[in-house]
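Enquirer: Dropping a structure here in structure tokens format, bear with me for questions.
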Amino acid sequence: MIFSETLLSDRTQKLRQDFPILQRVLPNGRPLVYLDNAASSQKPESVIQTMDDYYRRYNANVHRGVHTLSEEATEAFEIAREKVAKFIHAPSARQIIFTRGATESINLVAYTWGRANLGPGDEVLITEMEHHANIVPWQIMKEQLGFTLRYVPITNHGLLDLDELPEVLTERTKLFCFMHASNVVGTINPVQELVAAARAVGAKVLIDGAQSVPHMPIDVQALDADFYVFSGHKMCGPTGIGVLYGKRELLEAMPPFMGGGDMIREVKLSGSKWNSVPFKFEAGTPAIAEAIGLGAAVDYLQQVGMEWIHEHEREITRYAYARMAEVEGLRILGPKPEQRGGLIAFTLNGIHPHDVSAILDRSGVAVRAGHHCAQPLHDRLGIHASARASFYLYNTREEVDVLVDALHKAQDVFSL
Ligand code: 7TS
């Protein structure tokens with residue numbers, strides 16, 4: 001779909017009004033320019049109101065009582081699951097497991113599918129660009145289970161080095177885990193190609209969609225993902241809720257993650273029987289308000305249109321890429337705009353990213369600085385840290401201009 005730039009910006013101005021926080025003026029008198037969306041997005045009024053309504057009108061535990069409030073809460077909770085399933089085109093809501101976020105979803109697979117399927121002689125393949133959430137669980141399980149952990153290298157431009165894939169993806173590979181879109185170099189990985197390569201050696205795939213589900217249309221069936229994970233708080237939803245999607249037969253065969261209430265069918269002193277999927281993986285009282293809030297976030301994103309959001313971010317990123325290149329001594333990490341999602345991580349010659357972030361903050365600009373939970377990626381690029389501007393549906397070209405002006409100011413401050 002093609003959208004004209006004027007249409008994109010008119011619409012953005014309207015959408016901004018849906019986000020109360022974007023009206024905020026900071027203590028230094030500057031309007032907020034929020035460019036830290038890859039860490040967490042802002043929430044529209046509809047999500048805030050939906051959660052408020054739950055607490056005011058029908059707050060109760062789910063899947064338990066047969067009283068009105070509990071039935072209403074259960075219905076809203078399960079409707080949210082159905083909304084999420086439709087949003088990523090899952091065949092059934094039963095394949096949507098609510099977790100606390102992408103991190104917990106990956107840990108769930110590592111601890112359950114991993115324990116049941118991995119051992120000495122097996123290999124798990126991840127990539128050098130992964131977020132720590134898709135590295136550390138595999139390192140922990142490797143120590144316990146004795147499998148080998150291998151990495152797909154990246155090029156100097158922050159792309160997966162696919163020439164090296166045959167070296168590391170072999171018949172020994174049981175699981176290939178990779179991010180759909182990078183939270184640092186911004187690269188959108190060629191998922192279909194990677195899944196096809198995994199299939200050719202009989203490996204399963206886990207796709208980390210933390211930076212893709214919020215920003216582009218996702219169809220887990222078209223991608224043929226075995227597991228697909230993401231977090232609610234990066235897609236206009238609340239914190240404390242995330243999703244693990246899995247293929248039915250894999251989820252059915254996996255042992256439970258945590259034990260407790262709700263995940264059992266029957267408990268005897270001599271042993272227990274598990275509940276059906278997805279409840280088998282949802283021990284204890286779930287994040288009810290948060291799941292319902294995520295359902296409202298999905299409604300909101302669908303109403304705006306995922307195609308539109310993707311196109312808007314591409315447009316802002318192209319603009320930001322060109323404008324940031326004007327700043328002397330600024331190095332953009334990762335590939336050209338055509339190969340990336342809506343974020344730009346960078347370094348400024350001679351200025352620590354934390355100082356860059358502190359100076360930008362004086363102009364009201366919120367960016368993240370540090371290693372963005374991707375230390376191996378930074379090591380590979382030969383740097384300790386970077387600053388990162390990350391965009392969403394409500395960001396404007398004018399905000400990019402404020403960012404670029406503030407970057408020039410940072411240069412001035414440090415060249416004195
Ligand atoms: N995977 C990717 C690709 C991510 O970007 C993040 C969070 C996670 C997993 C973990 O998500 P969580 O919701 O479970 O914490 N990334 C970032 C970031 O780039 N800055 O702050 C959090």
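By order of appearance in the structure tokens: chains A, B, ..., then residues from 1 within every chain, and ligands from 1 in the order shown.
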Got a sec to check which residues lie within 6 Å of ligand 1, using only C-alpha atoms and all ligand atoms, and send them as a ChimeraX atom specification?
Expert: /A:38-39,101-103,131,133,179,182-183,208,210-211,231,372
Enquirer: Next, dump the selected residues to file, keeping only N, CA, C and O atoms, as a tab-separated table (two decimals), in the first residue's frame.
Expert:
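That gives us out.tsv:
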chain	number	residue	atom	x	y	z
A	38	ALA	N	11.43	1.50	21.38
A	38	ALA	CA	11.91	0.11	21.34
A	38	ALA	C	12.03	-0.44	22.75
A	38	ALA	O	11.94	-1.65	22.97
A	39	ALA	N	12.23	0.46	23.73
A	39	ALA	CA	12.28	0.01	25.13
A	39	ALA	C	10.86	-0.21	25.63
A	39	ALA	O	10.54	-1.25	26.20
A	101	GLY	N	6.06	-11.54	29.25
A	101	GLY	CA	6.71	-10.79	28.17
A	101	GLY	C	7.55	-11.71	27.32
A	101	GLY	O	7.61	-12.93	27.55
A	102	ALA	N	8.23	-11.12	26.33
A	102	ALA	CA	9.06	-11.92	25.41
A	102	ALA	C	10.10	-12.73	26.19
A	102	ALA	O	10.35	-13.90	25.87
A	103	THR	N	10.68	-12.11	27.21
A	103	THR	CA	11.72	-12.80	27.99
A	103	THR	C	11.18	-14.08	28.61
A	103	THR	O	11.78	-15.15	28.51
A	131	HIS	N	19.05	-10.13	21.37
A	131	HIS	CA	18.86	-9.51	22.68
A	131	HIS	C	19.24	-10.55	23.75
A	131	HIS	O	19.10	-11.76	23.51
A	133	ALA	N	17.76	-11.64	26.08
A	133	ALA	CA	16.62	-12.54	26.36
A	133	ALA	C	16.65	-13.79	25.49
A	133	ALA	O	16.06	-14.81	25.84
A	179	MET	N	15.92	-13.21	16.01
A	179	MET	CA	14.99	-12.09	16.11
A	179	MET	C	14.45	-11.73	14.72
A	179	MET	O	15.18	-11.83	13.73
A	182	SER	N	15.83	-6.31	14.64
A	182	SER	CA	16.82	-6.03	15.68
A	182	SER	C	16.48	-4.76	16.46
A	182	SER	O	16.04	-3.76	15.89
A	183	ASN	N	16.75	-4.81	17.79
A	183	ASN	CA	16.50	-3.64	18.64
A	183	ASN	C	17.69	-2.70	18.64
A	183	ASN	O	17.65	-1.66	19.30
A	208	ASP	N	11.90	-14.31	17.72
A	208	ASP	CA	11.70	-13.26	18.71
A	208	ASP	C	11.09	-12.05	17.99
A	208	ASP	O	11.78	-11.33	17.27
A	210	ALA	N	9.70	-9.37	19.40
A	210	ALA	CA	9.51	-8.22	20.30
A	210	ALA	C	9.55	-6.89	19.54
A	210	ALA	O	8.84	-5.94	19.89
A	211	GLN	N	10.40	-6.84	18.48
A	211	GLN	CA	10.51	-5.58	17.73
A	211	GLN	C	9.82	-5.64	16.37
A	211	GLN	O	9.98	-4.73	15.55
A	231	SER	N	6.12	-8.97	23.41
A	231	SER	CA	5.74	-8.31	24.67
A	231	SER	C	4.63	-7.29	24.42
A	231	SER	O	4.66	-6.58	23.41
A	372	HIS	N	21.77	-1.79	25.27
A	372	HIS	CA	20.43	-2.21	24.85
A	372	HIS	C	20.24	-3.71	24.97
A	372	HIS	O	19.56	-4.34	24.14
Enquirer: Would you pick out the contacts of Pro153 in chain A at 9 Å or less, using only C-alpha atoms, so that residues sharing its chain but fewer than 3 positions from it are not included, and give the list as a VMD selection string?
Expert: chain A and resid 127 to 129 159 to 162 164 to 165 380
Enquirer: Any chance you can output those residues with N, CA, C and O atoms as a PDB file, in the first residue's frame?
Expert:
ATOM      1  N   THR A 127      21.842 -16.079  17.020  1.00  0.00           N
ATOM      2  CA  THR A 127      22.647 -15.183  16.180  1.00  0.00           C
ATOM      3  C   THR A 127      23.389 -14.180  17.063  1.00  0.00           C
ATOM      4  O   THR A 127      23.017 -13.957  18.209  1.00  0.00           O
ATOM      5  N   GLU A 128      24.400 -13.575  16.471  1.00  0.00           N
ATOM      6  CA  GLU A 128      25.215 -12.593  17.215  1.00  0.00           C
ATOM      7  C   GLU A 128      24.450 -11.304  17.499  1.00  0.00           C
ATOM      8  O   GLU A 128      24.914 -10.486  18.272  1.00  0.00           O
ATOM      9  N   MET A 129      23.303 -11.119  16.825  1.00  0.00           N
ATOM     10  CA  MET A 129      22.597  -9.848  17.043  1.00  0.00           C
ATOM     11  C   MET A 129      21.491  -9.964  18.092  1.00  0.00           C
ATOM     12  O   MET A 129      20.791  -8.998  18.353  1.00  0.00           O
ATOM     13  N   LEU A 159      24.043  -7.090   9.224  1.00  0.00           N
ATOM     14  CA  LEU A 159      23.141  -8.089   8.616  1.00  0.00           C
ATOM     15  C   LEU A 159      23.622  -9.470   9.032  1.00  0.00           C
ATOM     16  O   LEU A 159      24.823  -9.653   9.284  1.00  0.00           O
ATOM     17  N   LEU A 160      22.715 -10.442   9.066  1.00  0.00           N
ATOM     18  CA  LEU A 160      23.159 -11.809   9.305  1.00  0.00           C
ATOM     19  C   LEU A 160      24.027 -12.231   8.127  1.00  0.00           C
ATOM     20  O   LEU A 160      23.686 -11.961   6.967  1.00  0.00           O
ATOM     21  N   ASP A 161      25.150 -12.886   8.438  1.00  0.00           N
ATOM     22  CA  ASP A 161      26.051 -13.325   7.380  1.00  0.00           C
ATOM     23  C   ASP A 161      25.564 -14.680   6.867  1.00  0.00           C
ATOM     24  O   ASP A 161      25.967 -15.732   7.360  1.00  0.00           O
ATOM     25  N   LEU A 162      24.697 -14.625   5.866  1.00  0.00           N
ATOM     26  CA  LEU A 162      24.040 -15.849   5.406  1.00  0.00           C
ATOM     27  C   LEU A 162      24.996 -16.801   4.692  1.00  0.00           C
ATOM     28  O   LEU A 162      24.729 -18.005   4.611  1.00  0.00           O
ATOM     29  N   GLU A 164      27.607 -17.779   5.891  1.00  0.00           N
ATOM     30  CA  GLU A 164      28.132 -18.646   6.959  1.00  0.00           C
ATOM     31  C   GLU A 164      27.083 -19.631   7.481  1.00  0.00           C
ATOM     32  O   GLU A 164      27.385 -20.490   8.300  1.00  0.00           O
ATOM     33  N   LEU A 165      25.831 -19.445   7.038  1.00  0.00           N
ATOM     34  CA  LEU A 165      24.738 -20.258   7.592  1.00  0.00           C
ATOM     35  C   LEU A 165      24.986 -21.775   7.466  1.00  0.00           C
ATOM     36  O   LEU A 165      24.801 -22.506   8.448  1.00  0.00           O
ATOM     37  N   ARG A 380      30.860  -7.158  18.801  1.00  0.00           N
ATOM     38  CA  ARG A 380      31.144  -7.464  17.395  1.00  0.00           C
ATOM     39  C   ARG A 380      31.391  -6.191  16.587  1.00  0.00           C
ATOM     40  O   ARG A 380      32.214  -6.174  15.668  1.00  0.00           O
TER      41      ARG A 380
END
Enquirer: From the options A:Val62, A:Leu294, A:Leu206, A:Val33, which residue's atoms come nearest to Pro238 in chain A, counting only C-alpha atoms?
Expert: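 Smallest distance to Pro238 in chain A is found for A:Leu294.
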Enquirer: Skip Thr396 in chain A itself and residues of its chain fewer than 3 positions away, then list as a PDB file with N, CA and C atoms, in the first residue's frame all residues within 9 Å of it, counting only C-alpha atoms.
Expert:
ATOM      1  N   SER A   9       1.475  12.431   7.716  1.00  0.00           N
ATOM      2  CA  SER A   9       1.692  13.372   8.818  1.00  0.00           C
ATOM      3  C   SER A   9       0.380  13.935   9.366  1.00  0.00           C
ATOM      4  N   THR A  12      -0.869  11.328  11.686  1.00  0.00           N
ATOM      5  CA  THR A  12      -0.059  11.254  12.908  1.00  0.00           C
ATOM      6  C   THR A  12      -0.491  12.319  13.904  1.00  0.00           C
ATOM      7  N   GLN A  13      -0.732  13.514  13.406  1.00  0.00           N
ATOM      8  CA  GLN A  13      -1.154  14.596  14.316  1.00  0.00           C
ATOM      9  C   GLN A  13      -2.437  14.198  15.037  1.00  0.00           C
ATOM     10  N   ILE A 316       9.536   7.930   8.448  1.00  0.00           N
ATOM     11  CA  ILE A 316      10.244   8.684   9.504  1.00  0.00           C
ATOM     12  C   ILE A 316      11.716   8.231   9.568  1.00  0.00           C
ATOM     13  N   PHE A 391      11.292   4.841  16.845  1.00  0.00           N
ATOM     14  CA  PHE A 391      10.073   5.548  16.452  1.00  0.00           C
ATOM     15  C   PHE A 391       8.844   4.660  16.546  1.00  0.00           C
ATOM     16  N   LEU A 393       4.161   4.974  15.852  1.00  0.00           N
ATOM     17  CA  LEU A 393       3.127   5.556  14.995  1.00  0.00           C
ATOM     18  C   LEU A 393       2.874   7.030  15.252  1.00  0.00           C
ATOM     19  N   GLU A 399       9.709  16.071  15.242  1.00  0.00           N
ATOM     20  CA  GLU A 399      10.438  15.515  16.390  1.00  0.00           C
ATOM     21  C   GLU A 399      11.847  15.076  15.986  1.00  0.00           C
ATOM     22  N   VAL A 400      11.972  14.562  14.769  1.00  0.00           N
ATOM     23  CA  VAL A 400      13.309  14.201  14.276  1.00  0.00           C
ATOM     24  C   VAL A 400      14.160  15.473  14.183  1.00  0.00           C
ATOM     25  N   ASP A 401      13.541  16.576  13.758  1.00  0.00           N
ATOM     26  CA  ASP A 401      14.290  17.836  13.672  1.00  0.00           C
ATOM     27  C   ASP A 401      14.779  18.274  15.056  1.00  0.00           C
TER      28      ASP A 401
END
Enquirer: Compile a residue-level contact table for range 28-123 of chain A against range 303-309 of chain A at a cut-off of 12 Å, reporting for every qualifying residue the shortest atom pair and its distance in Å to one decimal, with only C-alpha atoms counted, rows ordered by chain and ascending number, as CSV.
Expert:
residue,atom,partner,partner_atom,distance
A:Pro44,CA,A:Val304,CA,11.7
A:Ser46,CA,A:Gln303,CA,11.6
A:Phe87,CA,A:Met306,CA,9.7
A:Ile88,CA,A:Met306,CA,11.0
Enquirer: I'd like the contact shell of range 336-344 of chain A - 12 Å cut-off, only C-alpha atoms, skipping same-chain residues fewer than 5 positions apart - returned as a PyMOL selection string.
Expert: chain A and resi 35-39+157-160+180-190+211-216+309-325+330-331+367-369+386-395+400+403
Enquirer: With 7 Å as the cut-off and only C-alpha atoms counted, what is the closest atom pair between each nearby residue of range 236-255 of chain A and range 275-290 of chain A? Distances in Å to one decimal, ordered by chain and number, as a tab-separated table.
Expert:
residue	atom	partner	partner_atom	distance
A:Pro238	CA	A:Glu290	CA	5.7
A:Gly240	CA	A:Glu290	CA	6.7
A:Ile241	CA	A:Glu290	CA	5.9
A:Leu251	CA	A:Val277	CA	6.9
A:Glu252	CA	A:Val277	CA	6.4
Enquirer: Store the residues picked out above in a file with N, CA, C and O atoms, as a PDB file, in the first residue's frame.
Expert:
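Saved the output as result-v8.pdb:
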ATOM      1  N   PRO A 238       0.005  -2.741  28.173  1.00  0.00           N
ATOM      2  CA  PRO A 238       0.652  -2.569  29.478  1.00  0.00           C
ATOM      3  C   PRO A 238       1.900  -3.440  29.652  1.00  0.00           C
ATOM      4  O   PRO A 238       2.135  -4.355  28.859  1.00  0.00           O
ATOM      5  N   GLY A 240       4.024  -6.305  31.917  1.00  0.00           N
ATOM      6  CA  GLY A 240       3.614  -7.496  32.682  1.00  0.00           C
ATOM      7  C   GLY A 240       2.803  -8.493  31.889  1.00  0.00           C
ATOM      8  O   GLY A 240       2.278  -9.456  32.452  1.00  0.00           O
ATOM      9  N   ILE A 241       2.679  -8.280  30.577  1.00  0.00           N
ATOM     10  CA  ILE A 241       1.943  -9.244  29.748  1.00  0.00           C
ATOM     11  C   ILE A 241       2.687  -9.435  28.421  1.00  0.00           C
ATOM     12  O   ILE A 241       3.188  -8.481  27.834  1.00  0.00           O
ATOM     13  N   LEU A 251       3.166 -27.601  21.536  1.00  0.00           N
ATOM     14  CA  LEU A 251       2.677 -27.170  22.854  1.00  0.00           C
ATOM     15  C   LEU A 251       2.069 -28.352  23.610  1.00  0.00           C
ATOM     16  O   LEU A 251       2.276 -28.504  24.812  1.00  0.00           O
ATOM     17  N   GLU A 252       1.316 -29.188  22.877  1.00  0.00           N
ATOM     18  CA  GLU A 252       0.678 -30.351  23.530  1.00  0.00           C
ATOM     19  C   GLU A 252       1.732 -31.274  24.130  1.00  0.00           C
ATOM     20  O   GLU A 252       1.548 -31.831  25.203  1.00  0.00           O
TER      21      GLU A 252
END
